Amino acid sequence: MSVDTRLPSILTAATPRRIVTFVVVVLIALLVLPAVLSTYWMKIMFEMAAYSLVTLGLGLLVGRTGMYSLCQIPMVAAGAWFALRVHYLFDGVPFPLILVMTAILTGLLGVVIGLPALRLSGLYLALVTLMAAGAITLLLTVVKFPNSNKGFWGFDKRVPSGQNVLPRPSLAESDIAFYRYTVVIVAIGFLIAAWHIKGKPGRAWGAIRQSEVTATAAGVNNTLYKLWAFALSAAVTGVAGAILVAGAGVTTQQFPVEQSILLLAVVLLGGVYNLWGALVAAFFMRVLPQILDKKLGLPPEVLTMLFGLGVMQVLLMQPKGVVEDLRNLGIFIGTKLGLVGRNERKALAAAEGGAA
Amino acid sequence: MIEISSLTVRFGGVVPIDDMTVTMDVGVNGLIGPNGAGKTTFFNVLSGFVRPVHGTVTAFGDDLLTMPAFRRVRWGLRRTFQTEQAVAEMTVFENVLLVLEQSGATNSTRRNDVIDAVEFVGLGSLISNPVGSLGAAERRLVEVARAVVGSPRLVLLDEPAAGLPDDETAALGEVIRQIPERTGALTILVDHDMELVGATCSHAAVLDFGHVIAHGPTSEVLNSPNVMAAYLGTADVEVEA
């Protein structure tokens with residue numbers, strides 16, 4: 001085996017196979033899906049793309065640092081609200097800048113939500129974040145989210161909360177164009193996540209996940225890196241909110257707190273140790289319910305039961321999630337087609353299902 | 001040089017370290033004693049995980065106890081644990097790099113420093129392998145590589161040879177013996193294997209019920225009646241003033 005002793009980073013992790021996989025997935029999303037799917041299903045695919053940032057955010061937190069948050073869905077609402085407020089506060093601000101400012105503001109909110117993580121972990125941390133989710137939802141209700149008045153707070157009790165839409169960027173005003181715009185943003189989000197995972201923060205998070213005492217003994221500033229993880233997770237989740245509010249608008253009741261529990265289930269089901277798991281989880285979250293409903297005519301409760309069974313399967317049989325099964329299937333098919341050599345197959349099977 | 005003066009640790013009514021005073025010079029120093037003598041607690045004090053109720057620790061002129069735990073790595077403190085702590089999913093290179101990059105090393109030297117440390121412990125050919133795929137002795141050597149990478153000043157090794165067969169213990173001992181020469185660090189070895197302690201440590205201190213009952217050249221300490229009594233429990237133990 002050749003010894004690669006470059007400093008590990010997203011560049012060393014970018015093997016030809018990973019680059020090809022990434023480019024193929026992005027091209028399928030950009031070109032193939034809009035060509036073959038109906039307007040209705042493209043709307044669903046848009047939601048899946050946006051929600052893949054939400055699942056990516058929670059997957060980063062759970063898979064990389066071992067911390068659990070049940071505050072992700074209200075964080076999407078917070079992102080949507082921040083995006084609207086930035087838009088109303090700075091009239092005519094470019095859409096990419098709205099996304100950046102939303103990421104920063106939601107990231108700061110994520111730091112606040114992450115503060116209990118400095119003392120708590122596991123179930124207790126999850127419960128506290130669930131309470132924080134309730135607080136955010138209450139606050140957004142008080143300010144009549146997604147209220148459309150001028151100024152940062154935009155509060156006017158005479159205006160009903162109703163629905164609000166953020167103007168799309170001029171280069172992506174149609175639904176398909178904005179879907180493609182979203183895919184590019186999502187791709188950038190995944191690359192930023194991979195950059196973190198394969199760099200210094202990823203190694204520090206790995207040490208924290210193993211043991212906080214060990215991490216401290218290795219010189220890791222646990223406070224800094226835990227809050228950093230919460231900030232990054234919240235930032236990408238907030239961007240998803242901004243995209244959703246520009247895509248189809250948001251309503252008051254769109255982000256119930258309890259959906260965070262379902263989100264955690266699908267993220268575990270999809271796989272938290274591989275970034276592609278976020279995409280699988282987003283599929284489970286937004287596309288699978290539509291397939292069951294529209295194609296099979298099954299009630300939504302069936303889906304909850306299926307997720308329950310799926311999480312049990314993951315916990316008992318495949319801790320790396322469905323994405324690992326898909327990866328193994330890909331290696332198997334690649335071997336049969338002669339695209340993957342026998343030795344390479346062994347190496348792939350032994351290797352971690354790493355980033356990107 | 002590290003000077004420990006009147007160090008006392010209390011956990012409620014238990015006093016695992018009681019008025020400990022000892023000075024150690026650069027080289028490999030053994031710290032031995034029966035189970036429960038306070039050896040790991042002493043390491044935890046040096047690492048910043050346990051706050052003493054009394055006493056001072058001065059290492060190379062710096063007051064160690066005033067530094068936050070994670071800052072001590074940047075100062076030059078390195079530590080291994082009784083159980084392996086290297087992250088199984090990461091490669092040997094990444095595990096060693098993790099400690100080096102948190103210790104404030106500059107980018108330009110990181111790559112070579114990591115390779116040097118890994119080759120020093122004899123794992124050069126396994127540098128790209130995940131730690132989870134290594135054997136027990138190799139994982140212990142990864143711990144040692146993490147402890148010697150960069151510019152350590154104080155290396156604490158907590159039972160690094162526990163559970164290893166004799167030949168692997170001897171090989172590990174040879175690596176430990178070379179640490180001060182390679183890094184200039186003061187190394188403290190806690191272990192129950194007296195053969196390993198005798199082969200690697202120029203000096204040794206003995207803890208019993210939190211007291212230092214003997215300190216000096218290793219051969220003298222190991223033959224001290226006081227020490228034998230502490231281990232075998234056949235006589236009353238006199239506490240050094």
# chains A, B, ... in the order shown; residues from 1 in each chain; ligands from 1
>>> closest_atom_pairs(of="chain B", to="chain A", cutoff="7 Å", atoms="only C-alpha atoms", output="tab-separated table")
residue	atom	partner	partner_atom	distance
B:Ser47	CA	A:Ala217	CA	6.9
B:Ala69	CA	A:Thr216	CA	6.5
B:Phe70	CA	A:Gly219	CA	4.3
B:Arg71	CA	A:Gly219	CA	6.4
B:Val73	CA	A:Gly219	CA	4.9
B:Arg74	CA	A:Gly219	CA	6.8
B:Arg79	CA	A:Ala217	CA	6.5
B:Gln85	CA	A:Thr214	CA	6.2
B:Val87	CA	A:Ala207	CA	6.3
B:Leu98	CA	A:Arg203	CA	6.0
B:Val99	CA	A:Ala218	CA	4.9
B:Gln102	CA	A:Gly219	CA	5.2
B:Ser103	CA	A:Gly219	CA	6.3
B:Arg111	CA	A:Leu7	CA	6.1
B:Ser128	CA	A:Val3	CA	6.1
>>> write_last_selection(atoms="N, CA and C atoms", output="PDB file, in the first residue's frame")
ATOM      1  N   SER B  47      -2.423  16.749  34.793  1.00  0.00           N
ATOM      2  CA  SER B  47      -3.155  16.960  33.537  1.00  0.00           C
ATOM      3  C   SER B  47      -4.230  18.026  33.665  1.00  0.00           C
ATOM      4  N   ALA B  69      -6.646  22.927  31.578  1.00  0.00           N
ATOM      5  CA  ALA B  69      -6.163  21.592  31.197  1.00  0.00           C
ATOM      6  C   ALA B  69      -5.683  21.536  29.747  1.00  0.00           C
ATOM      7  N   PHE B  70      -6.492  22.057  28.808  1.00  0.00           N
ATOM      8  CA  PHE B  70      -6.117  21.902  27.396  1.00  0.00           C
ATOM      9  C   PHE B  70      -4.889  22.748  27.045  1.00  0.00           C
ATOM     10  N   ARG B  71      -4.668  23.825  27.811  1.00  0.00           N
ATOM     11  CA  ARG B  71      -3.502  24.696  27.553  1.00  0.00           C
ATOM     12  C   ARG B  71      -2.191  23.996  27.914  1.00  0.00           C
ATOM     13  N   VAL B  73      -1.205  21.161  27.134  1.00  0.00           N
ATOM     14  CA  VAL B  73      -0.638  20.462  25.968  1.00  0.00           C
ATOM     15  C   VAL B  73       0.206  21.442  25.163  1.00  0.00           C
ATOM     16  N   ARG B  74      -0.314  22.651  25.008  1.00  0.00           N
ATOM     17  CA  ARG B  74       0.451  23.673  24.289  1.00  0.00           C
ATOM     18  C   ARG B  74       1.742  24.008  25.048  1.00  0.00           C
ATOM     19  N   ARG B  79       0.270  13.026  27.717  1.00  0.00           N
ATOM     20  CA  ARG B  79      -0.255  12.063  28.670  1.00  0.00           C
ATOM     21  C   ARG B  79      -0.803  10.854  27.941  1.00  0.00           C
ATOM     22  N   GLN B  85      -6.543   5.585  24.078  1.00  0.00           N
ATOM     23  CA  GLN B  85      -7.452   6.697  23.800  1.00  0.00           C
ATOM     24  C   GLN B  85      -7.372   7.178  22.351  1.00  0.00           C
ATOM     25  N   VAL B  87      -8.167   7.641  18.566  1.00  0.00           N
ATOM     26  CA  VAL B  87      -9.483   7.523  17.927  1.00  0.00           C
ATOM     27  C   VAL B  87      -9.417   6.412  16.872  1.00  0.00           C
ATOM     28  N   LEU B  98      -3.449  15.149  15.417  1.00  0.00           N
ATOM     29  CA  LEU B  98      -4.446  15.773  16.300  1.00  0.00           C
ATOM     30  C   LEU B  98      -3.759  16.452  17.491  1.00  0.00           C
ATOM     31  N   VAL B  99      -2.845  15.733  18.124  1.00  0.00           N
ATOM     32  CA  VAL B  99      -2.162  16.297  19.298  1.00  0.00           C
ATOM     33  C   VAL B  99      -1.227  17.431  18.870  1.00  0.00           C
ATOM     34  N   GLN B 102      -3.010  20.720  17.925  1.00  0.00           N
ATOM     35  CA  GLN B 102      -3.597  21.402  19.081  1.00  0.00           C
ATOM     36  C   GLN B 102      -2.517  21.982  19.995  1.00  0.00           C
ATOM     37  N   SER B 103      -1.267  21.549  19.776  1.00  0.00           N
ATOM     38  CA  SER B 103      -0.186  22.053  20.631  1.00  0.00           C
ATOM     39  C   SER B 103       0.429  23.328  20.063  1.00  0.00           C
ATOM     40  N   ARG B 111       3.905  18.113   9.175  1.00  0.00           N
ATOM     41  CA  ARG B 111       3.997  16.846   8.452  1.00  0.00           C
ATOM     42  C   ARG B 111       5.232  16.058   8.901  1.00  0.00           C
ATOM     43  N   SER B 128      -0.594   5.103   7.590  1.00  0.00           N
ATOM     44  CA  SER B 128      -1.870   5.443   6.939  1.00  0.00           C
ATOM     45  C   SER B 128      -3.005   4.516   7.346  1.00  0.00           C
TER      46      SER B 128
END
>>> residues_around(residues="region 125-133 of chain A", least_positions_apart="6", cutoff="8 Å", atoms="only C-alpha atoms", output="list in words")
Met67, Tyr68, Ser69, Leu70, Cys71, Gln72, Ile73, Pro74, Met75, Ile113, Pro116, Ala117 and Val257 of chain A
>>> residues_around(residues="region 240-244 of chain A", least_positions_apart="2", cutoff="10 Å", atoms="only C-alpha atoms", output="PyMOL selection string")
chain A and resi 46-47+49-55+57+73-84+95+98-100+102-103+106+165-166+168+178-179+181-182+185-186+189+234-238+246-250
>>> write_last_selection(atoms="N, CA and C atoms", output="CSV table (one decimal), in the first residue's frame")
chain,number,residue,atom,x,y,z
A,46,PHE,N,-37.1,19.8,-4.8
A,46,PHE,CA,-36.6,21.1,-4.2
A,46,PHE,C,-36.6,21.0,-2.7
A,47,GLU,N,-37.7,20.5,-2.1
A,47,GLU,CA,-37.8,20.4,-0.7
A,47,GLU,C,-36.7,19.4,-0.1
A,49,ALA,N,-33.8,18.8,-1.5
A,49,ALA,CA,-32.5,19.5,-1.6
A,49,ALA,C,-32.3,20.4,-0.4
A,50,ALA,N,-33.4,21.2,-0.1
A,50,ALA,CA,-33.3,22.1,1.0
A,50,ALA,C,-33.1,21.4,2.3
A,51,TYR,N,-33.9,20.3,2.5
A,51,TYR,CA,-33.8,19.6,3.8
A,51,TYR,C,-32.6,18.8,3.9
A,52,SER,N,-31.9,18.5,2.8
A,52,SER,CA,-30.6,17.8,2.9
A,52,SER,C,-29.6,18.7,3.7
A,53,LEU,N,-29.8,20.0,3.7
A,53,LEU,CA,-28.9,20.8,4.5
A,53,LEU,C,-29.3,20.7,6.0
A,54,VAL,N,-30.6,20.5,6.2
A,54,VAL,CA,-31.0,20.3,7.6
A,54,VAL,C,-30.5,19.0,8.2
A,55,THR,N,-30.6,17.9,7.4
A,55,THR,CA,-30.1,16.6,7.8
A,55,THR,C,-28.6,16.6,7.9
A,57,GLY,N,-26.8,19.2,8.8
A,57,GLY,CA,-26.5,19.9,10.0
A,57,GLY,C,-26.6,19.0,11.2
A,73,ILE,N,-35.5,21.7,13.7
A,73,ILE,CA,-36.7,22.2,12.9
A,73,ILE,C,-37.0,23.6,13.2
A,74,PRO,N,-37.1,24.0,14.5
A,74,PRO,CA,-37.3,25.4,14.8
A,74,PRO,C,-36.1,26.3,14.3
A,75,MET,N,-34.9,25.6,14.2
A,75,MET,CA,-33.8,26.4,13.7
A,75,MET,C,-34.0,26.7,12.2
A,76,VAL,N,-34.7,25.8,11.5
A,76,VAL,CA,-35.0,26.1,10.1
A,76,VAL,C,-36.0,27.3,10.0
A,77,ALA,N,-36.9,27.3,10.9
A,77,ALA,CA,-37.9,28.5,11.0
A,77,ALA,C,-37.1,29.7,11.3
A,78,ALA,N,-36.1,29.6,12.3
A,78,ALA,CA,-35.3,30.8,12.6
A,78,ALA,C,-34.5,31.3,11.4
A,79,GLY,N,-34.0,30.3,10.6
A,79,GLY,CA,-33.3,30.7,9.4
A,79,GLY,C,-34.1,31.5,8.5
A,80,ALA,N,-35.4,30.9,8.3
A,80,ALA,CA,-36.3,31.6,7.4
A,80,ALA,C,-36.6,33.0,7.9
A,81,TRP,N,-36.8,33.1,9.2
A,81,TRP,CA,-37.2,34.4,9.8
A,81,TRP,C,-36.0,35.4,9.7
A,82,PHE,N,-34.8,34.9,10.0
A,82,PHE,CA,-33.6,35.8,9.8
A,82,PHE,C,-33.5,36.3,8.4
A,83,ALA,N,-33.7,35.4,7.4
A,83,ALA,CA,-33.6,35.8,6.0
A,83,ALA,C,-34.6,36.8,5.7
A,84,LEU,N,-35.8,36.7,6.1
A,84,LEU,CA,-36.8,37.7,5.9
A,84,LEU,C,-36.5,39.0,6.5
A,95,PHE,N,-29.2,38.2,-2.9
A,95,PHE,CA,-29.7,36.9,-2.2
A,95,PHE,C,-28.5,36.2,-1.6
A,98,ILE,N,-27.9,37.5,1.7
A,98,ILE,CA,-28.9,37.2,2.6
A,98,ILE,C,-28.6,35.8,3.2
A,99,LEU,N,-28.1,34.9,2.3
A,99,LEU,CA,-27.8,33.5,2.8
A,99,LEU,C,-26.6,33.6,3.8
A,100,VAL,N,-25.6,34.4,3.5
A,100,VAL,CA,-24.4,34.5,4.3
A,100,VAL,C,-24.8,35.0,5.7
A,102,THR,N,-27.8,35.1,7.0
A,102,THR,CA,-28.7,34.1,7.7
A,102,THR,C,-27.8,33.1,8.4
A,103,ALA,N,-26.8,32.6,7.7
A,103,ALA,CA,-25.9,31.6,8.2
A,103,ALA,C,-25.2,32.1,9.5
A,106,THR,N,-28.0,32.5,12.4
A,106,THR,CA,-28.4,31.2,12.9
A,106,THR,C,-27.3,30.5,13.6
A,165,VAL,N,-43.0,35.2,1.5
A,165,VAL,CA,-42.1,34.7,0.6
A,165,VAL,C,-41.0,35.7,0.4
A,166,LEU,N,-39.8,35.2,0.3
A,166,LEU,CA,-38.6,36.0,0.1
A,166,LEU,C,-38.4,36.1,-1.4
A,168,ARG,N,-36.8,35.8,-4.9
A,168,ARG,CA,-35.7,34.9,-5.4
A,168,ARG,C,-34.6,35.8,-6.1
A,178,PHE,N,-34.6,28.1,-9.7
A,178,PHE,CA,-34.3,28.2,-8.2
A,178,PHE,C,-33.9,26.8,-7.6
A,179,TYR,N,-34.6,25.8,-8.2
A,179,TYR,CA,-34.2,24.4,-7.7
A,179,TYR,C,-32.7,24.2,-8.0
A,181,TYR,N,-30.4,26.5,-8.5
A,181,TYR,CA,-29.7,27.4,-7.6
A,181,TYR,C,-29.5,26.7,-6.2
A,182,THR,N,-30.6,26.1,-5.7
A,182,THR,CA,-30.5,25.4,-4.4
A,182,THR,C,-29.6,24.2,-4.5
A,185,ILE,N,-26.1,25.6,-4.0
A,185,ILE,CA,-25.9,26.0,-2.6
A,185,ILE,C,-25.7,24.7,-1.7
A,186,VAL,N,-26.5,23.7,-1.9
A,186,VAL,CA,-26.4,22.5,-1.1
A,186,VAL,C,-25.0,21.8,-1.4
A,189,GLY,N,-22.6,23.7,0.6
A,189,GLY,CA,-22.8,23.3,2.0
A,189,GLY,C,-22.1,22.0,2.3
A,234,ALA,N,-26.1,24.7,13.0
A,234,ALA,CA,-27.2,25.7,12.9
A,234,ALA,C,-27.1,26.6,11.7
A,235,ALA,N,-25.9,26.9,11.3
A,235,ALA,CA,-25.7,27.8,10.1
A,235,ALA,C,-26.2,27.1,8.8
A,236,VAL,N,-25.9,25.9,8.6
A,236,VAL,CA,-26.4,25.2,7.4
A,236,VAL,C,-27.9,25.0,7.5
A,237,THR,N,-28.4,24.7,8.7
A,237,THR,CA,-29.8,24.6,8.8
A,237,THR,C,-30.5,25.9,8.6
A,238,GLY,N,-29.9,27.0,9.0
A,238,GLY,CA,-30.5,28.3,8.8
A,238,GLY,C,-30.6,28.6,7.3
A,246,ALA,N,-37.6,31.4,0.2
A,246,ALA,CA,-37.6,31.9,-1.1
A,246,ALA,C,-38.2,31.0,-2.1
A,247,GLY,N,-38.2,29.7,-1.8
A,247,GLY,CA,-38.7,28.7,-2.7
A,247,GLY,C,-40.2,28.7,-2.9
A,248,ALA,N,-40.9,28.5,-1.7
A,248,ALA,CA,-42.3,28.4,-1.8
A,248,ALA,C,-43.0,29.2,-0.7
A,249,GLY,N,-42.1,29.9,0.1
A,249,GLY,CA,-42.7,30.7,1.2
A,249,GLY,C,-42.8,29.8,2.4
A,250,VAL,N,-43.0,30.4,3.6
A,250,VAL,CA,-43.2,29.6,4.8
A,250,VAL,C,-44.4,30.1,5.5
>>> closest_residue(among="B:Ile188, B:Val221, B:Gly150, B:Val57", to="Asn107 (chain B)", atoms="only C-alpha atoms")
B:Gly150
>>> select_by_dssp(residues="region 68-225 of chain B", states="helix (DSSP H, G or I)", output="MDAnalysis selection string")
chainID B and resid 71:75 92:102 107:120 124:126 131:133 136:148 166:177 179:183 194:200 218:222 225
>>> write_last_selection(atoms="C-alpha atoms", output="compact mmCIF listing (two decimals), in the first residue's frame")
# COMPACT_ATOMS: atom_id res chain seq x y z
CA ARG B 71 -3.50 24.70 27.55
CA ARG B 72 -1.04 22.35 29.25
CA VAL B 73 -0.64 20.46 25.97
CA ARG B 74 0.45 23.67 24.29
CA TRP B 75 2.87 24.18 27.20
CA VAL B 92 -2.15 6.72 12.89
CA PHE B 93 -1.09 9.91 11.10
CA GLU B 94 -4.32 11.75 11.97
CA ASN B 95 -4.19 10.64 15.60
CA VAL B 96 -0.67 11.97 16.07
CA LEU B 97 -1.44 15.09 14.05
CA LEU B 98 -4.45 15.77 16.30
CA VAL B 99 -2.16 16.30 19.30
CA LEU B 100 0.46 18.21 17.34
CA GLU B 101 -1.92 20.71 15.74
CA GLN B 102 -3.60 21.40 19.08
CA ASN B 107 1.94 24.24 9.48
CA SER B 108 5.33 23.95 7.85
CA THR B 109 6.72 21.48 10.40
CA ARG B 110 3.60 19.46 11.16
CA ARG B 111 4.00 16.85 8.45
CA ASN B 112 7.61 16.04 9.28
CA ASP B 113 7.05 16.15 13.04
CA VAL B 114 4.24 13.59 12.77
CA ILE B 115 6.32 11.29 10.56
CA ASP B 116 9.29 11.60 12.94
CA ALA B 117 7.17 10.68 15.95
CA VAL B 118 5.54 7.72 14.19
CA GLU B 119 8.88 6.42 12.91
CA PHE B 120 10.41 6.89 16.37
CA GLY B 124 6.28 4.07 9.95
CA SER B 125 4.85 1.37 7.70
CA LEU B 126 1.42 1.61 9.36
CA VAL B 131 -5.90 2.79 14.54
CA GLY B 132 -8.87 0.44 14.90
CA SER B 133 -7.14 -2.02 12.56
CA ALA B 136 -2.79 -4.02 21.06
CA ALA B 137 0.97 -3.35 21.13
CA GLU B 138 0.77 -1.16 18.04
CA ARG B 139 -2.06 0.88 19.55
CA ARG B 140 0.07 1.42 22.67
CA LEU B 141 2.86 2.68 20.44
CA VAL B 142 0.41 5.10 18.81
CA GLU B 143 -0.27 6.46 22.30
CA VAL B 144 3.46 6.92 22.82
CA ALA B 145 3.80 8.63 19.41
CA ARG B 146 1.05 11.06 20.44
CA ALA B 147 2.98 11.71 23.64
CA VAL B 148 6.32 12.47 21.99
CA ASP B 166 7.13 -9.79 27.65
CA ASP B 167 8.74 -9.31 24.23
CA GLU B 168 6.39 -6.44 23.33
CA THR B 169 6.89 -4.89 26.77
CA ALA B 170 10.65 -4.99 26.24
CA ALA B 171 10.32 -3.31 22.83
CA LEU B 172 8.04 -0.65 24.31
CA GLY B 173 10.52 -0.14 27.15
CA GLU B 174 13.29 0.53 24.65
CA VAL B 175 11.17 3.23 23.02
CA ILE B 176 10.33 4.80 26.41
CA ARG B 177 13.99 4.78 27.46
CA ILE B 179 12.18 9.57 24.96
CA PRO B 180 14.30 12.00 27.05
CA GLU B 181 17.23 11.68 24.66
CA ARG B 182 15.00 12.37 21.65
CA THR B 183 12.79 15.10 23.07
CA MET B 194 9.16 -3.81 37.95
CA GLU B 195 11.31 -5.26 35.18
CA LEU B 196 10.15 -2.50 32.84
CA VAL B 197 10.64 0.17 35.51
CA GLY B 198 14.10 -1.18 36.32
CA ALA B 199 15.10 -1.24 32.64
CA THR B 200 13.85 2.21 31.70
CA THR B 218 15.69 2.97 40.81
CA SER B 219 17.87 0.05 41.95
CA GLU B 220 18.05 1.41 45.48
CA VAL B 221 14.35 2.16 45.62
CA LEU B 222 13.32 -1.27 44.37
CA PRO B 225 12.70 -2.68 52.72
>>> atom_distance(atom1="CA of Thr41 (chain B)", atom2="CA of Val9 (chain B)")
8.2 Å
>>> select_by_dssp(residues="chain B", states="strand (DSSP E)", output="ChimeraX atom specification")
/B:2-11,14-24,27-32,54-59,62-63,77-79,154-158,186-190,203-208,211-217
>>> residues_around(residues="Val15 (chain B)", least_positions_apart="3", cutoff="12 Å", atoms="only C-alpha atoms", output="VMD selection string")
chain B and resid 7 to 12 18 to 20 36 to 38 41 to 42 52 to 54 208 to 211
>>> write_last_selection(atoms="C-alpha atoms", output="PDB file, in the first residue's frame")
ATOM      1  CA  LEU B   7       0.401  18.325  47.212  1.00  0.00           C
ATOM      2  CA  THR B   8      -2.865  17.156  48.747  1.00  0.00           C
ATOM      3  CA  VAL B   9      -5.989  15.892  46.988  1.00  0.00           C
ATOM      4  CA  ARG B  10      -9.264  15.131  48.739  1.00  0.00           C
ATOM      5  CA  PHE B  11     -12.342  13.355  47.380  1.00  0.00           C
ATOM      6  CA  GLY B  12     -14.753  13.917  50.266  1.00  0.00           C
ATOM      7  CA  ASP B  18      -1.542  13.386  51.132  1.00  0.00           C
ATOM      8  CA  ASP B  19       1.138  16.074  51.432  1.00  0.00           C
ATOM      9  CA  MET B  20       3.203  14.714  48.530  1.00  0.00           C
ATOM     10  CA  GLY B  36      -4.922   2.850  45.053  1.00  0.00           C
ATOM     11  CA  ALA B  37      -1.652   4.509  46.051  1.00  0.00           C
ATOM     12  CA  GLY B  38      -2.566   7.719  44.183  1.00  0.00           C
ATOM     13  CA  THR B  41      -4.676  10.755  40.690  1.00  0.00           C
ATOM     14  CA  PHE B  42      -1.252  12.415  40.642  1.00  0.00           C
ATOM     15  CA  PRO B  52      -5.715  19.705  44.562  1.00  0.00           C
ATOM     16  CA  VAL B  53      -6.841  21.290  47.801  1.00  0.00           C
ATOM     17  CA  HIS B  54      -3.284  22.217  48.687  1.00  0.00           C
ATOM     18  CA  ASP B 208       1.682   4.419  49.198  1.00  0.00           C
ATOM     19  CA  PHE B 209      -1.650   5.734  50.477  1.00  0.00           C
ATOM     20  CA  GLY B 210      -0.798   9.090  48.889  1.00  0.00           C
ATOM     21  CA  HIS B 211       2.573   9.405  50.623  1.00  0.00           C
TER      22      HIS B 211
END
>>> atom_distance(atom1="CA of Ile291 (chain A)", atom2="CA of Gly271 (chain A)")
21.0 Å
>>> residues_around(residues="Asp62 (chain B)", least_positions_apart="5", cutoff="12 Å", atoms="only C-alpha atoms", output="PyMOL selection string")
chain B and resi 1-4+56-57+67+72+75-77+153-154
>>> write_last_selection(atoms="C-alpha atoms", output="PDB file, in the first residue's frame")
ATOM      1  CA  MET B   1      12.778  19.642  36.485  1.00  0.00           C
ATOM      2  CA  ILE B   2       9.407  19.252  38.196  1.00  0.00           C
ATOM      3  CA  GLU B   3       8.926  20.173  41.841  1.00  0.00           C
ATOM      4  CA  ILE B   4       5.849  18.933  43.680  1.00  0.00           C
ATOM      5  CA  THR B  56       2.156  23.509  44.223  1.00  0.00           C
ATOM      6  CA  VAL B  57       3.502  21.962  41.037  1.00  0.00           C
ATOM      7  CA  MET B  67      -3.102  26.625  33.414  1.00  0.00           C
ATOM      8  CA  ARG B  72      -1.043  22.354  29.254  1.00  0.00           C
ATOM      9  CA  TRP B  75       2.871  24.183  27.203  1.00  0.00           C
ATOM     10  CA  GLY B  76       4.352  20.734  26.513  1.00  0.00           C
ATOM     11  CA  LEU B  77       2.503  18.258  28.716  1.00  0.00           C
ATOM     12  CA  ARG B 153       8.449  18.907  28.093  1.00  0.00           C
ATOM     13  CA  LEU B 154       6.637  16.577  30.469  1.00  0.00           C
TER      14      LEU B 154
END
>>> atom_distance(atom1="CA of Ile17 (chain B)", atom2="CA of Val45 (chain B)")
9.9 Å
